[in-house]
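K.L.:
One structure is given below, represented as structure tokens, and several questions about it will come after.
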Amino acid sequence: MPDVIEVEELRRTYAGGFEAVRGISFSVARGELFALLGTNGAGKTSTVELLEGLAPPSAGSVRVLGHDPYTERAAVRPRTGVMLQEGGFPSELTVAETVRMWAGCTSGARPVGEALELVGLARRADVRVKQLSGGEKRRLDLALALLARPEVLFLDEPTTGLDAEGRHTTWELVRELRDAGTTVLLTTHYLEEAEALAERLAILHEGRIAVAGRVDEVVAAQPSHLSFDLPEGYHLGDLPPLGPLGVTSHETEGRTVRLKTTALQHAATELLLWARNSRVELRGLDIRAASLEEAFLHIAREQESTR
């Protein structure tokens with residue numbers, strides 16, 4: 001599939017010389033959901049604003065749908081949807097009036113009722129914006145981003161303020177949009193959100209890409225965890241040899257043993273067989289696969305240690 005977002009050696013420097021984005025490169029294919037992650041101040045929003053055409057890059061290049069989103073804004077903007085971190089709607093307008101006003105500035109806009117139905121706000125159409133909850137305002141942000149049936153959708157922290165049900169409903173909607181061919185670039189602080197939705201990602205740290213790739217590959221590069229309490233009368237040396245179990249490190253605290261392993265299924269199987277054959281119970285057994293959160297924290301710690 002052709003790339004619809006192309007970023008090459010992108011840089012953004014603010015007045016005073018602060019370089020928020022320091023030469024990053026990545027691409028997003030048509031119909032792909034790509035997550036851009038990073039710690040606070042990593043450069044996510046600065047990058048997304050350049051992709052949206054809100055500012056020119058200080059150096060490097062950006063192409064969205066084959067065009068420069070800043071200098072060729074007229075060719076890009078009608079084909080993209082943007083959900084900012086905060087919308088800033090007129091508080092006295094109703095939900096329906098807000099969407100209708102926005103639709104008047106949008107070519108080929110969806111009907112107001114359809115846009116509100118998509119995000120679960122149809123029953124709140126006559127409510128003034130100032131009476132909406134924080135989560136409902138985020139849904140309204142999303143409705144406006146979807147008005148033009150965009151080919152490329154930028155979602156900046158789309159589920160902030162939503163409860164668990166609203167978050168999962170939004171996930172389903174985003175999946176449906178992706179499956180219908182919409183290219184989605186997502187920024188989020190919820191790592192489980194990126195893990196649930198994205199095919200590929202890049203993790204930014206201090207304006208640079210620390211790691212990029214498929215989500216499963218980034219996660220697989222981190223060890224899994226296995227912990228349990230040693231049975232009375234047994235010691236660490238009584239366990240099966242840890243090396244063949246893929247154990248990369250271990251620690252003990254009292255009777256509790258914590259292992260990190262690159263072969264979780266094998267390690268868990270061998271330990272459980274050892275417990276059965278030894279006729280003992282591994283109390284407090286906790287088997288935890290590697291997660292994107294652990295990969296993210298590992299990268300953050302690793303980058304900090306090299307400063």
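Residues in the structure tokens are numbered from 1 in each chain, the chains being A, B, ... in the order shown, and ligands are numbered from 1 in the order shown.
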Dump as JSON lines the rows for residues of range 68-94 of chain A within 12 Å of range 41-45 of chain A: closest atom pair and distance in Å with one decimal, only C-alpha atoms counted, ordered by chain and rising residue number.
P.N.:
{"residue": "A:Met83", "atom": "CA", "partner": "A:Thr45", "partner_atom": "CA", "distance": 11.8}
{"residue": "A:Leu84", "atom": "CA", "partner": "A:Thr45", "partner_atom": "CA", "distance": 9.4}
{"residue": "A:Gln85", "atom": "CA", "partner": "A:Thr45", "partner_atom": "CA", "distance": 9.2}
K.L.:
Got a sec: who's within 8 Å of Ala145 in chain A, counting only C-alpha atoms, leaving out chain neighbours fewer than 3 positions off, as a compact mmCIF listing (two decimals) with N, CA, C and O atoms, in the first residue's frame?
P.N.:
# COMPACT_ATOMS: atom_id res chain seq x y z
N GLY A 81 -9.14 14.78 8.65
CA GLY A 81 -9.90 15.12 9.84
C GLY A 81 -8.95 15.29 11.00
O GLY A 81 -7.98 14.53 11.12
N VAL A 82 -9.21 16.28 11.84
CA VAL A 82 -8.30 16.59 12.94
C VAL A 82 -9.08 16.67 14.23
O VAL A 82 -10.05 17.42 14.35
N MET A 83 -8.65 15.89 15.22
CA MET A 83 -9.22 15.96 16.56
C MET A 83 -8.13 16.45 17.49
O MET A 83 -7.18 15.73 17.81
N ASP A 141 -15.74 16.59 19.77
CA ASP A 141 -14.50 16.80 19.01
C ASP A 141 -14.37 15.77 17.90
O ASP A 141 -14.03 16.09 16.75
N LEU A 142 -14.63 14.51 18.25
CA LEU A 142 -14.49 13.42 17.28
C LEU A 142 -15.54 13.54 16.17
O LEU A 142 -15.24 13.30 14.99
N ALA A 148 -16.16 15.30 7.43
CA ALA A 148 -15.83 15.30 6.01
C ALA A 148 -15.51 13.91 5.46
O ALA A 148 -15.05 13.79 4.33
N PRO A 150 -13.04 11.78 6.32
CA PRO A 150 -11.63 12.00 5.95
C PRO A 150 -10.91 10.74 5.49
O PRO A 150 -11.18 9.64 5.97
N LEU A 153 -7.01 10.67 9.28
CA LEU A 153 -7.59 11.16 10.51
C LEU A 153 -6.49 11.29 11.57
O LEU A 153 -5.79 10.32 11.87
K.L.:
Which of these, A:Leu51, A:Ala295, A:Gln131, A:Glu270, has the shortest distance to Asp68 in chain A once you count only C-alpha atoms?
P.N.:
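Of A:Leu51, A:Ala295, A:Gln131, A:Glu270, the one nearest Asp68 in chain A, counting only C-alpha atoms, is A:Leu51.
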K.L.:
Return the single residue from A:Val184, A:Ile24, A:Val211, A:Val247 that is closest to Val64 in chain A, with distances computed using only C-alpha atoms.
P.N.:
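Result for the nearest residue to Val64 in chain A: A:Val184.
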K.L.:
Write out as a count of residues only each polymer residue whose atoms come within 12 Å of Ala221 in chain A, counting only C-alpha atoms; drop sequence neighbours fewer than 2 positions from it.
P.N.:
23
K.L.:
Enumerate the residues of range 144-262 of chain A with a DSSP assignment of strand (DSSP E or B), computed from the backbone, and present them as a count of residues only.
P.N.:
42
K.L.:
Give me, as a PyMOL selection string, all polymer residues having an atom no more than 12 Å from Ser61 in chain A, counting only C-alpha atoms and skipping those fewer than 4 positions away in the same chain.
P.N.:
chain A and resi 5-12+23-27+47+50-51+53+56-57+66-71
K.L.:
If you run DSSP on the backbone here, which positions in range 210-278 of chain A get alpha helix (DSSP H)? Please write them as a PyMOL selection string.
P.N.:
chain A and resi 215-220+264-278
K.L.:
Considering only C-alpha atoms, state which residue in the set A:Ser91, A:Gly135, A:Glu172, A:Thr252 is at the smallest distance from Leu118 in chain A.
P.N.:
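The answer is A:Glu172, which sits nearest to Leu118 in chain A.
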K.L.:
Could you name the residues that touch range 94-99 of chain A at 9 Å or less, counting only C-alpha atoms, but leaving out those on the same chain fewer than 3 positions away, as a ChimeraX atom specification?
P.N.:
/A:89-91,102-104,112-113,115-116,121-122,124-130,132,140,143-144,147
K.L.:
Measuring between only C-alpha atoms, which one of A:Glu251, A:Asp156, A:Glu92, A:Glu192 shows the shortest distance to Glu293 in chain A?
P.N.:
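Smallest separation from Glu293 in chain A among the options: A:Glu192.
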K.L.:
Measuring between only C-alpha atoms, which one of A:Thr182, A:Thr80, A:Thr169, A:Thr13 shows the shortest distance to Ala29 in chain A?
P.N.:
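When distances to Ala29 in chain A are compared using only C-alpha atoms, the smallest one comes from A:Thr182.
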K.L.:
What is the distance, in Å and to one decimal place, between CA of Arg200 in chain A and CA of Leu36 in chain A?
P.N.:
9.0 Å
K.L.:
For Leu33 in chain A, find every residue with an atom within 8 Å (counting only C-alpha atoms), except residues of its own chain fewer than 2 positions away, and show them as a ChimeraX atom specification.
P.N.:
/A:28,31,35,178,183-186,197-200
K.L.:
Could you take the residues named above and write them with C-alpha atoms, as a PDB file, in the first residue's frame?
P.N.:
ATOM      1  CA  VAL A  28       2.238   5.608   7.470  1.00  0.00           C
ATOM      2  CA  GLY A  31      -5.426   2.267   5.788  1.00  0.00           C
ATOM      3  CA  ALA A  35       0.529   5.446  17.072  1.00  0.00           C
ATOM      4  CA  ARG A 178      -9.578   1.954   9.780  1.00  0.00           C
ATOM      5  CA  THR A 183      -5.555   6.156   7.647  1.00  0.00           C
ATOM      6  CA  VAL A 184      -5.278   7.068  11.337  1.00  0.00           C
ATOM      7  CA  LEU A 185      -2.413   8.698  13.210  1.00  0.00           C
ATOM      8  CA  LEU A 186      -2.988   8.476  16.956  1.00  0.00           C
ATOM      9  CA  LEU A 197      -5.489  -0.261  18.130  1.00  0.00           C
ATOM     10  CA  ALA A 198      -2.171   0.309  16.373  1.00  0.00           C
ATOM     11  CA  GLU A 199      -0.351  -1.909  13.901  1.00  0.00           C
ATOM     12  CA  ARG A 200       2.872   0.102  14.119  1.00  0.00           C
TER      13      ARG A 200
END
K.L.:
So that I can check the surroundings of range 286-288 of chain A, please list as a short mmCIF file (atom, residue, chain, number, x, y, z; two decimals) with C-alpha atoms, in the first residue's frame every protein, DNA and RNA residue that reaches within 9 Å of it, counting only C-alpha atoms and ignoring chain neighbours fewer than 5 positions away.
P.N.:
data_model
loop_
_atom_site.label_atom_id
_atom_site.label_comp_id
_atom_site.auth_asym_id
_atom_site.auth_seq_id
_atom_site.Cartn_x
_atom_site.Cartn_y
_atom_site.Cartn_z
CA SER A 224 7.96 -11.32 30.51
CA HIS A 225 7.56 -11.71 34.28
CA LEU A 226 6.99 -14.72 36.49
CA SER A 227 6.77 -14.53 40.28
CA PHE A 228 5.82 -16.95 43.06
CA LEU A 264 7.41 -17.25 29.10
CA ALA A 268 5.94 -21.39 33.12
#
K.L.:
Between A:Tyr14, A:Pro158, A:Arg100, A:Gly237, which residue has the minimum interatomic distance to Val119 in chain A, considering only C-alpha atoms?
P.N.:
A:Pro158
K.L.:
One decimal, in Å: what's the spacing between CA of Val4 in chain A and CA of Glu117 in chain A?
P.N.:
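Atom-to-atom, CA of Val4 in chain A to CA of Glu117 in chain A, that is 28.3 Å.
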